file query.txt (compact mmCIF, C-alpha atoms)
# COMPACT_ATOMS: atom_id res chain seq x y z
CA MET A 1 7.20 157.60 161.80
CA THR A 2 8.47 160.92 163.24
CA LEU A 3 11.45 162.73 161.72
CA GLY A 4 13.50 161.97 164.85
CA ALA A 5 12.65 158.27 164.67
CA ALA A 6 13.41 158.16 160.94
CA ASN A 7 16.85 159.62 161.56
CA THR A 8 17.72 156.73 163.90
CA LEU A 9 16.89 154.05 161.30
CA THR A 10 18.00 152.87 157.90
CA ASP A 11 15.83 151.05 155.37
CA ASP A 12 17.92 148.25 153.86
CA ALA A 13 17.25 145.76 151.08
CA PHE A 14 17.95 142.05 151.56
CA LEU A 15 17.63 139.09 149.19
CA GLY A 16 18.05 141.30 146.15
CA GLY A 17 15.21 143.58 147.25
CA ARG A 18 12.78 140.81 148.22
CA LEU A 19 12.85 142.21 151.75
CA GLN A 20 13.08 145.77 153.09
CA ILE A 21 14.33 145.93 156.68
CA LEU A 22 14.23 148.87 159.07
CA GLN A 23 17.13 148.71 161.51
CA PRO A 24 19.04 151.05 163.84
CA ARG A 25 21.53 153.35 162.17
CA GLN A 26 23.90 152.88 165.12
CA GLY A 27 24.73 149.74 167.10
CA PHE A 28 24.35 146.12 166.03
CA ARG A 29 23.14 145.83 162.43
CA ALA A 30 21.98 142.78 160.53
CA GLY A 31 23.98 141.78 157.47
CA ILE A 32 25.39 138.74 155.72
CA GLU A 33 25.33 136.53 158.82
CA ALA A 34 21.56 136.81 159.24
CA VAL A 35 20.99 135.88 155.60
CA LEU A 36 23.41 132.92 155.76
CA LEU A 37 21.75 131.68 158.95
CA ALA A 38 18.30 131.73 157.35
CA ALA A 39 19.61 130.03 154.21
CA ALA A 40 21.32 127.31 156.26
CA THR A 41 18.18 126.39 158.23
CA PRO A 42 16.76 123.30 156.48
CA ALA A 43 13.09 124.10 157.04
CA MET A 44 10.27 122.82 154.84
CA PRO A 45 6.73 124.05 154.10
CA GLY A 46 4.29 123.14 156.85
CA GLU A 47 6.96 123.04 159.59
CA ARG A 48 7.47 125.37 162.55
CA ALA A 49 10.70 127.29 163.23
CA LEU A 50 11.85 129.40 166.17
CA GLU A 51 14.54 132.08 166.10
CA LEU A 52 16.26 133.00 169.34
CA GLY A 53 17.38 136.63 169.53
CA THR A 54 15.84 137.95 166.32
CA GLY A 55 16.84 141.61 166.62
CA VAL A 56 14.84 143.44 163.95
CA GLY A 57 13.71 140.13 162.44
CA THR A 58 16.04 139.88 159.43
CA ALA A 59 16.88 136.17 159.63
CA ALA A 60 13.32 135.16 160.53
CA LEU A 61 11.92 137.12 157.59
CA CYS A 62 14.57 135.82 155.18
CA LEU A 63 13.64 132.26 156.14
CA ALA A 64 9.91 132.90 155.84
CA ARG A 65 10.42 134.52 152.45
CA ARG A 66 12.43 131.51 151.19
CA VAL A 67 10.15 128.76 152.57
CA THR A 68 6.51 129.28 151.66
CA GLY A 69 4.10 127.81 154.19
CA LEU A 70 6.62 127.84 157.06
CA SER A 71 5.42 129.22 160.42
CA VAL A 72 8.13 131.23 162.23
CA THR A 73 8.19 132.44 165.83
CA ALA A 74 10.99 134.84 166.80
CA VAL A 75 11.93 135.94 170.32
CA GLU A 76 13.72 139.18 171.21
CA ARG A 77 14.30 140.58 174.71
CA ASP A 78 14.79 144.23 173.62
CA SER A 79 11.33 145.78 173.33
CA TRP A 80 12.39 148.44 170.79
CA LEU A 81 14.00 145.85 168.50
CA ALA A 82 10.96 143.58 168.89
CA HIS A 83 8.76 146.52 167.83
CA LEU A 84 10.91 147.04 164.74
CA ALA A 85 10.76 143.31 163.96
CA ARG A 86 6.95 143.44 164.02
CA ARG A 87 6.98 146.47 161.73
CA ASN A 88 9.35 144.68 159.37
CA ALA A 89 7.12 141.60 159.28
CA ALA A 90 4.08 143.74 158.47
CA ARG A 91 5.72 145.91 155.81
CA ASN A 92 6.98 142.77 154.04
CA THR A 93 3.50 141.14 154.29
CA LEU A 94 4.89 138.26 156.34
CA ASP A 95 3.12 139.02 159.63
CA ASP A 96 0.64 136.22 158.95
CA ARG A 97 3.48 133.66 159.25
CA VAL A 98 6.09 135.43 161.42
CA ARG A 99 5.21 136.09 165.05
CA ILE A 100 7.48 138.20 167.30
CA ILE A 101 7.52 137.55 171.05
CA GLU A 102 9.34 139.61 173.68
CA ALA A 103 11.35 137.05 175.66
CA ASP A 104 14.89 136.32 176.78
CA ALA A 105 16.62 133.51 174.89
CA THR A 106 18.50 132.51 178.05
CA ALA A 107 15.35 132.24 180.22
CA PRO A 108 12.71 129.48 180.42
CA LEU A 109 10.49 129.42 177.35
CA PRO A 110 7.12 131.17 177.36
CA ASP A 111 4.07 128.91 177.56
CA GLY A 112 3.37 126.89 174.43
CA LEU A 113 6.89 127.00 172.98
CA ALA A 114 8.45 123.94 174.64
CA GLY A 115 8.78 120.93 172.34
CA ALA A 116 6.81 122.67 169.60
CA TYR A 117 9.36 123.33 166.85
CA ASP A 118 10.97 121.39 164.03
CA HIS A 119 13.78 123.95 163.79
CA VAL A 120 15.52 126.46 166.02
CA PHE A 121 17.98 128.92 164.55
CA ALA A 122 20.13 131.60 166.15
CA ASN A 123 23.00 134.04 165.69
CA PRO A 124 23.81 134.29 169.39
CA PRO A 125 26.19 136.79 171.04
CA PHE A 126 29.53 135.10 170.48
CA ASN A 127 32.25 137.54 171.55
CA ASP A 128 34.04 137.34 174.87
CA PRO A 129 32.29 139.85 177.20
CA ARG A 130 35.68 141.38 178.09
CA SER A 131 36.08 142.51 174.46
CA THR A 132 32.86 144.60 174.47
CA GLN A 133 33.08 146.45 177.78
CA ALA A 134 33.43 149.84 176.06
CA LEU A 135 30.28 149.43 173.98
CA ASN A 136 26.84 150.75 174.87
CA PRO A 137 24.69 148.16 176.68
CA ARG A 138 22.38 147.41 173.73
CA ARG A 139 25.29 146.79 171.34
CA ALA A 140 27.35 144.87 173.91
CA GLY A 141 24.38 142.62 174.74
CA SER A 142 23.97 141.81 171.05
CA LEU A 143 27.60 140.81 170.61
CA ALA A 144 28.96 139.27 173.81
CA ALA A 145 28.16 136.23 175.93
CA GLY A 146 30.24 134.13 178.30
CA ASP A 147 30.38 130.35 178.11
CA GLY A 148 27.56 130.03 180.66
CA ALA A 149 25.25 132.18 178.54
CA ILE A 150 26.08 130.10 175.47
CA GLY A 151 24.98 127.04 177.43
CA ALA A 152 21.72 128.79 178.31
CA TRP A 153 21.02 129.50 174.62
CA ILE A 154 21.63 125.84 173.80
CA ALA A 155 19.37 124.68 176.65
CA THR A 156 16.57 126.94 175.42
CA ALA A 157 16.96 125.62 171.88
CA ALA A 158 16.87 122.02 173.08
CA ALA A 159 13.73 122.69 175.13
CA ALA A 160 11.95 124.22 172.13
CA LEU A 161 12.68 121.40 169.68
CA LYS A 162 10.69 118.30 168.94
CA GLU A 163 12.46 114.94 169.10
CA GLY A 164 14.77 114.83 166.09
CA GLY A 165 14.51 118.58 165.61
CA CYS A 166 17.34 120.61 164.12
CA LEU A 167 19.32 123.51 165.60
CA THR A 168 21.16 125.81 163.16
CA MET A 169 23.59 128.47 164.38
CA ILE A 170 26.27 130.78 163.04
CA PHE A 171 29.14 131.25 165.46
CA ARG A 172 32.69 132.50 165.89
CA ALA A 173 35.29 129.98 164.72
CA ASP A 174 37.71 130.73 167.54
CA ARG A 175 35.04 130.00 170.17
CA LEU A 176 33.81 126.78 168.57
CA ASP A 177 35.09 124.67 171.50
CA ALA A 178 32.76 126.49 173.90
CA LEU A 179 29.79 125.94 171.61
CA GLU A 180 30.54 122.26 171.07
CA ALA A 181 30.87 121.74 174.82
CA ALA A 182 27.42 123.27 175.30
CA LEU A 183 25.96 121.07 172.55
CA ASN A 184 27.17 117.86 174.18
CA GLY A 185 24.28 116.27 176.03
CA PRO A 186 21.22 118.02 174.59
CA PHE A 187 22.33 117.30 171.03
CA GLY A 188 23.87 114.31 169.31
CA ALA A 189 24.89 114.51 165.67
CA CYS A 190 26.61 117.77 164.84
CA GLU A 191 27.65 119.22 161.48
CA ILE A 192 30.18 122.05 161.09
CA VAL A 193 30.99 124.14 158.01
CA PRO A 194 33.71 126.81 158.26
CA LEU A 195 33.13 130.04 156.32
CA PRO A 196 36.55 131.36 155.23
CA PRO A 197 36.40 134.83 153.69
CA HIS A 198 38.76 133.83 150.86
CA ALA A 199 40.33 130.60 149.65
CA GLY A 200 43.35 129.71 151.76
CA ARG A 201 42.34 132.05 154.61
CA PRO A 202 41.20 130.89 158.06
CA ALA A 203 37.49 131.04 158.80
CA LYS A 204 36.20 133.66 161.21
CA ARG A 205 32.70 132.15 161.32
CA VAL A 206 31.25 128.65 161.21
CA LEU A 207 27.78 127.27 160.56
CA ILE A 208 26.59 124.55 162.93
CA ARG A 209 23.73 122.12 162.48
CA ALA A 210 22.85 119.72 165.29
CA ARG A 211 19.98 117.33 165.94
CA THR A 212 18.31 116.02 169.04
CA GLY A 213 17.85 112.27 169.42
CA LYS A 214 20.69 111.32 167.06
CA ALA A 215 23.89 109.35 167.63
CA GLY A 216 26.83 111.54 168.53
CA ALA A 217 28.58 111.71 165.15
CA ARG A 218 30.48 114.88 164.28
CA PHE A 219 30.84 115.99 160.66
CA ALA A 220 33.48 118.67 160.01
CA HIS A 221 33.27 119.72 156.37
CA GLU A 222 35.64 121.67 154.20
CA GLY A 223 34.91 125.36 154.22
CA VAL A 224 32.47 127.16 151.96
CA VAL A 225 34.37 130.24 150.74
CA LEU A 226 32.42 133.50 150.93
CA HIS A 227 34.24 135.75 148.47
CA GLY A 228 35.34 134.98 144.93
CA ALA A 229 38.76 135.59 143.42
CA THR A 230 37.47 138.41 141.22
CA GLU A 231 33.80 138.85 142.18
CA LYS A 232 32.55 140.19 145.52
CA TYR A 233 30.93 136.88 146.52
CA ALA A 234 31.44 133.31 145.39
CA PRO A 235 28.60 132.18 143.06
CA ALA A 236 26.90 129.92 145.64
CA ILE A 237 26.98 132.70 148.24
CA GLU A 238 25.75 135.26 145.71
CA ALA A 239 22.78 132.97 145.06
CA VAL A 240 22.04 132.93 148.80
CA LEU A 241 22.41 136.67 149.36
CA ARG A 242 20.78 138.03 146.21
CA HIS A 243 18.39 135.33 145.05
CA GLY A 244 17.19 133.68 148.27
CA ALA A 245 18.76 130.27 147.61
CA GLY A 246 19.37 127.76 150.38
CA PHE A 247 22.88 127.36 151.76
CA PRO A 248 24.92 124.68 149.90
CA TRP A 249 25.35 122.22 152.78
CA PRO A 250 27.60 119.28 151.89
CA PRO A 251 25.75 115.96 152.33
CA ALA A 252 26.09 114.46 155.79
CA PHE A 253 22.82 113.54 157.46
CA SER A 254 19.15 114.23 156.90
call {"tool": "encode", "arguments": {"input": "query.txt", "output": "structure tokens"}}
result
Amino acid sequence: MTLGAANTLTDDAFLGGRLQILQPRQGFRAGIEAVLLAAATPAMPGERALELGTGVGTAALCLARRVTGLSVTAVERDSWLAHLARRNAARNTLDDRVRIIEADATAPLPDGLAGAYDHVFANPPFNDPRSTQALNPRRAGSLAAGDGAIGAWIATAAAALKEGGCLTMIFRADRLDALEAALNGPFGACEIVPLPPHAGRPAKRVLIRARTGKAGARFAHEGVVLHGATEKYAPAIEAVLRHGAGFPWPPAFS
């Protein structure tokens, strides 16, 4: 790594130091949402999972670190971020199970990906494009997508999944209607967990789990609070962020 390149990156610990992630110093940066997404994906050893829009690979690597024996493919359209994701997989000795492909999550799947996965997971761009017009193109593209683009992400996820496969996403609470509209048709049963920052406060983010080939039931759970009254994170969230635990989904469907 050259000095100039090093100055553009930070080297950040995730999962209590179980992962070290290189990521851009400026622009979109992975944080709590990537870790929650990985923890919420109900993958098992021996299965195959696909992440759409991996960035520098944080969520894909968190999931692979938590689930031994899971094979993960991650797609990223930005060639520089895809390069960093490959470096991160190698430096965390997960490149034997995490494969990074340069591809657009809103475009038709590359050969061999259709109908091949037990799980798809994604933290898609979820802001209104009008709110990010002043940002640089790389950052704006990571944060914003209109309703049509959201539908394209959902269509790609549906095409990648096996019958009965599971899609897990983290999304903006105030744009949930747009996401649910896109889910109707390709997906049946849908499970929603709000993520309020503190007890009694409205959620800014929600976790969504949806399955193909299921009846169209909708489970809207009570929120899982992120921050404790006195501690930085609630105990269940601390276990996810620091110790690599799975997300505490309330029981709904399996």
call {"tool": "closest_residue", "arguments": {"input": "query.txt", "among": "A:Pro197, A:Gly16, A:Gly244, A:Gly213", "to": "His227 (chain A)", "atoms": "only C-alpha atoms"}}
result
A:Pro197
call {"tool": "residues_around", "arguments": {"input": "query.txt", "residues": "Ala30 (chain A)", "least_positions_apart": "5", "cutoff": "10 Å", "atoms": "all atoms listed in the file", "output": "PyMOL selection string"}}
result
chain A and resi 12+14+21-24+35+54-59
call {"tool": "write_last_selection", "arguments": {"input": "query.txt", "atoms": "C-alpha atoms", "output": "short mmCIF file (atom, residue, chain, number, x, y, z; two decimals), in the frame of the given file"}}
result
data_model
loop_
_atom_site.label_atom_id
_atom_site.label_comp_id
_atom_site.auth_asym_id
_atom_site.auth_seq_id
_atom_site.Cartn_x
_atom_site.Cartn_y
_atom_site.Cartn_z
CA ASP A 12 17.92 148.25 153.86
CA PHE A 14 17.95 142.05 151.56
CA ILE A 21 14.33 145.93 156.68
CA LEU A 22 14.23 148.87 159.07
CA GLN A 23 17.13 148.71 161.51
CA PRO A 24 19.04 151.05 163.84
CA VAL A 35 20.99 135.88 155.60
CA THR A 54 15.84 137.95 166.32
CA GLY A 55 16.84 141.61 166.62
CA VAL A 56 14.84 143.44 163.95
CA GLY A 57 13.71 140.13 162.44
CA THR A 58 16.04 139.88 159.43
CA ALA A 59 16.88 136.17 159.63
#
call {"tool": "closest_residue", "arguments": {"input": "query.txt", "among": "A:Ala60, A:Ala116, A:Val193, A:Ala38", "to": "Phe219 (chain A)", "atoms": "all atoms listed in the file"}}
result
A:Val193
call {"tool": "atom_distance", "arguments": {"input": "query.txt", "atom1": "CA of Ser71 (chain A)", "atom2": "CA of Val120 (chain A)"}}
result
11.9 Å
call {"tool": "residues_around", "arguments": {"input": "query.txt", "residues": "region 87-103 of chain A", "least_positions_apart": "4", "cutoff": "8 Å", "atoms": "all atoms listed in the file", "output": "list in words"}}
result
Leu19, Gln20, Ile21, Leu22, Val56, Gly57, Ala60, Leu61, Ala64, Arg65, Gly69, Leu70, Ser71, Val72, Thr73, Ala74, Val75, Glu76, Arg77, Asp78, Ser79, Ala82, His83, Ala107, Leu109 and Pro110 of chain A
call {"tool": "closest_residue", "arguments": {"input": "query.txt", "among": "A:Thr8, A:Thr230, A:Thr68, A:Asn123", "to": "Met169 (chain A)", "atoms": "all atoms listed in the file"}}
result
A:Asn123
call {"tool": "closest_residue", "arguments": {"input": "query.txt", "among": "A:Phe187, A:Arg175, A:Thr106, A:Gly53", "to": "Ala149 (chain A)", "atoms": "all atoms listed in the file"}}
result
A:Thr106
call {"tool": "atom_distance", "arguments": {"input": "query.txt", "atom1": "CA of Ala152 (chain A)", "atom2": "CA of Leu113 (chain A)"}}
result
15.9 Å
call {"tool": "atom_distance", "arguments": {"input": "query.txt", "atom1": "CA of Gly17 (chain A)", "atom2": "CA of Arg66 (chain A)"}}
result
13.0 Å
call {"tool": "residues_around", "arguments": {"input": "query.txt", "residues": "Pro196 (chain A)", "least_positions_apart": "2", "cutoff": "12 Å", "atoms": "all atoms listed in the file", "output": "ChimeraX atom specification"}}
result
/A:172-173,193-194,198-207,222-228,233-234,237
call {"tool": "write_last_selection", "arguments": {"input": "query.txt", "atoms": "C-alpha atoms", "output": "PDB file, in the coordinates of the input"}}
result
ATOM      1  CA  ARG A 172      32.690 132.500 165.890  1.00  0.00           C
ATOM      2  CA  ALA A 173      35.290 129.980 164.720  1.00  0.00           C
ATOM      3  CA  VAL A 193      30.990 124.140 158.010  1.00  0.00           C
ATOM      4  CA  PRO A 194      33.710 126.810 158.260  1.00  0.00           C
ATOM      5  CA  HIS A 198      38.760 133.830 150.860  1.00  0.00           C
ATOM      6  CA  ALA A 199      40.330 130.600 149.650  1.00  0.00           C
ATOM      7  CA  GLY A 200      43.350 129.710 151.760  1.00  0.00           C
ATOM      8  CA  ARG A 201      42.340 132.050 154.610  1.00  0.00           C
ATOM      9  CA  PRO A 202      41.200 130.890 158.060  1.00  0.00           C
ATOM     10  CA  ALA A 203      37.490 131.040 158.800  1.00  0.00           C
ATOM     11  CA  LYS A 204      36.200 133.660 161.210  1.00  0.00           C
ATOM     12  CA  ARG A 205      32.700 132.150 161.320  1.00  0.00           C
ATOM     13  CA  VAL A 206      31.250 128.650 161.210  1.00  0.00           C
ATOM     14  CA  LEU A 207      27.780 127.270 160.560  1.00  0.00           C
ATOM     15  CA  GLU A 222      35.640 121.670 154.200  1.00  0.00           C
ATOM     16  CA  GLY A 223      34.910 125.360 154.220  1.00  0.00           C
ATOM     17  CA  VAL A 224      32.470 127.160 151.960  1.00  0.00           C
ATOM     18  CA  VAL A 225      34.370 130.240 150.740  1.00  0.00           C
ATOM     19  CA  LEU A 226      32.420 133.500 150.930  1.00  0.00           C
ATOM     20  CA  HIS A 227      34.240 135.750 148.470  1.00  0.00           C
ATOM     21  CA  GLY A 228      35.340 134.980 144.930  1.00  0.00           C
ATOM     22  CA  TYR A 233      30.930 136.880 146.520  1.00  0.00           C
ATOM     23  CA  ALA A 234      31.440 133.310 145.390  1.00  0.00           C
ATOM     24  CA  ILE A 237      26.980 132.700 148.240  1.00  0.00           C
TER      25      ILE A 237
END
call {"tool": "residues_around", "arguments": {"input": "query.txt", "residues": "Cys166 (chain A)", "least_positions_apart": "5", "cutoff": "7 Å", "atoms": "all atoms listed in the file", "output": "count of residues only"}}
result
7
call {"tool": "closest_residue", "arguments": {"input": "query.txt", "among": "A:Leu37, A:Ala229, A:Ala114, A:Leu9", "to": "Leu81 (chain A)", "atoms": "all atoms listed in the file"}}
result
A:Leu9
call {"tool": "closest_residue", "arguments": {"input": "query.txt", "among": "A:Pro235, A:Pro42, A:Gly31, A:Gly188", "to": "Glu163 (chain A)", "atoms": "only C-alpha atoms"}}
result
A:Gly188
call {"tool": "axis_aligned_box", "arguments": {"input": "query.txt", "around": "region 159-173 of chain A", "padding_each_side": "8 Å", "output": "JSON"}}
result
{"center_x": 23.0, "center_y": 123.7, "center_z": 169.1, "size_x": 40.6, "size_y": 33.7, "size_z": 28.1}
call {"tool": "build_atoms", "arguments": {"input": "query.txt", "residues": "region 155-166 of chain A", "atoms": "N, CA and C atoms", "output": "PDB file, keeping the file's coordinate frame"}}
result
ATOM      1  N   ALA A 155      20.427 125.325 175.864  1.00  0.00           N
ATOM      2  CA  ALA A 155      19.370 124.680 176.650  1.00  0.00           C
ATOM      3  C   ALA A 155      17.994 125.149 176.196  1.00  0.00           C
ATOM      4  N   THR A 156      17.849 126.432 175.904  1.00  0.00           N
ATOM      5  CA  THR A 156      16.570 126.940 175.420  1.00  0.00           C
ATOM      6  C   THR A 156      16.206 126.326 174.076  1.00  0.00           C
ATOM      7  N   ALA A 157      17.207 126.231 173.190  1.00  0.00           N
ATOM      8  CA  ALA A 157      16.960 125.620 171.880  1.00  0.00           C
ATOM      9  C   ALA A 157      16.525 124.174 172.028  1.00  0.00           C
ATOM     10  N   ALA A 158      17.210 123.422 172.877  1.00  0.00           N
ATOM     11  CA  ALA A 158      16.870 122.020 173.080  1.00  0.00           C
ATOM     12  C   ALA A 158      15.458 121.865 173.627  1.00  0.00           C
ATOM     13  N   ALA A 159      15.068 122.763 174.539  1.00  0.00           N
ATOM     14  CA  ALA A 159      13.730 122.690 175.130  1.00  0.00           C
ATOM     15  C   ALA A 159      12.646 122.996 174.105  1.00  0.00           C
ATOM     16  N   ALA A 160      12.958 123.815 173.122  1.00  0.00           N
ATOM     17  CA  ALA A 160      11.950 124.220 172.130  1.00  0.00           C
ATOM     18  C   ALA A 160      11.738 123.167 171.052  1.00  0.00           C
ATOM     19  N   LEU A 161      12.736 122.307 170.820  1.00  0.00           N
ATOM     20  CA  LEU A 161      12.680 121.400 169.680  1.00  0.00           C
ATOM     21  C   LEU A 161      11.897 120.124 169.969  1.00  0.00           C
ATOM     22  N   LYS A 162      11.260 119.634 168.915  1.00  0.00           N
ATOM     23  CA  LYS A 162      10.690 118.300 168.940  1.00  0.00           C
ATOM     24  C   LYS A 162      11.807 117.259 168.925  1.00  0.00           C
ATOM     25  N   GLU A 163      11.486 116.023 169.238  1.00  0.00           N
ATOM     26  CA  GLU A 163      12.460 114.940 169.100  1.00  0.00           C
ATOM     27  C   GLU A 163      12.909 114.863 167.641  1.00  0.00           C
ATOM     28  N   GLY A 164      14.226 114.844 167.438  1.00  0.00           N
ATOM     29  CA  GLY A 164      14.770 114.830 166.090  1.00  0.00           C
ATOM     30  C   GLY A 164      14.835 116.182 165.427  1.00  0.00           C
ATOM     31  N   GLY A 165      14.481 117.240 166.169  1.00  0.00           N
ATOM     32  CA  GLY A 165      14.510 118.580 165.610  1.00  0.00           C
ATOM     33  C   GLY A 165      15.929 119.073 165.377  1.00  0.00           C
ATOM     34  N   CYS A 166      16.044 120.125 164.589  1.00  0.00           N
ATOM     35  CA  CYS A 166      17.340 120.610 164.120  1.00  0.00           C
ATOM     36  C   CYS A 166      17.621 122.015 164.639  1.00  0.00           C
TER      37      CYS A 166
END
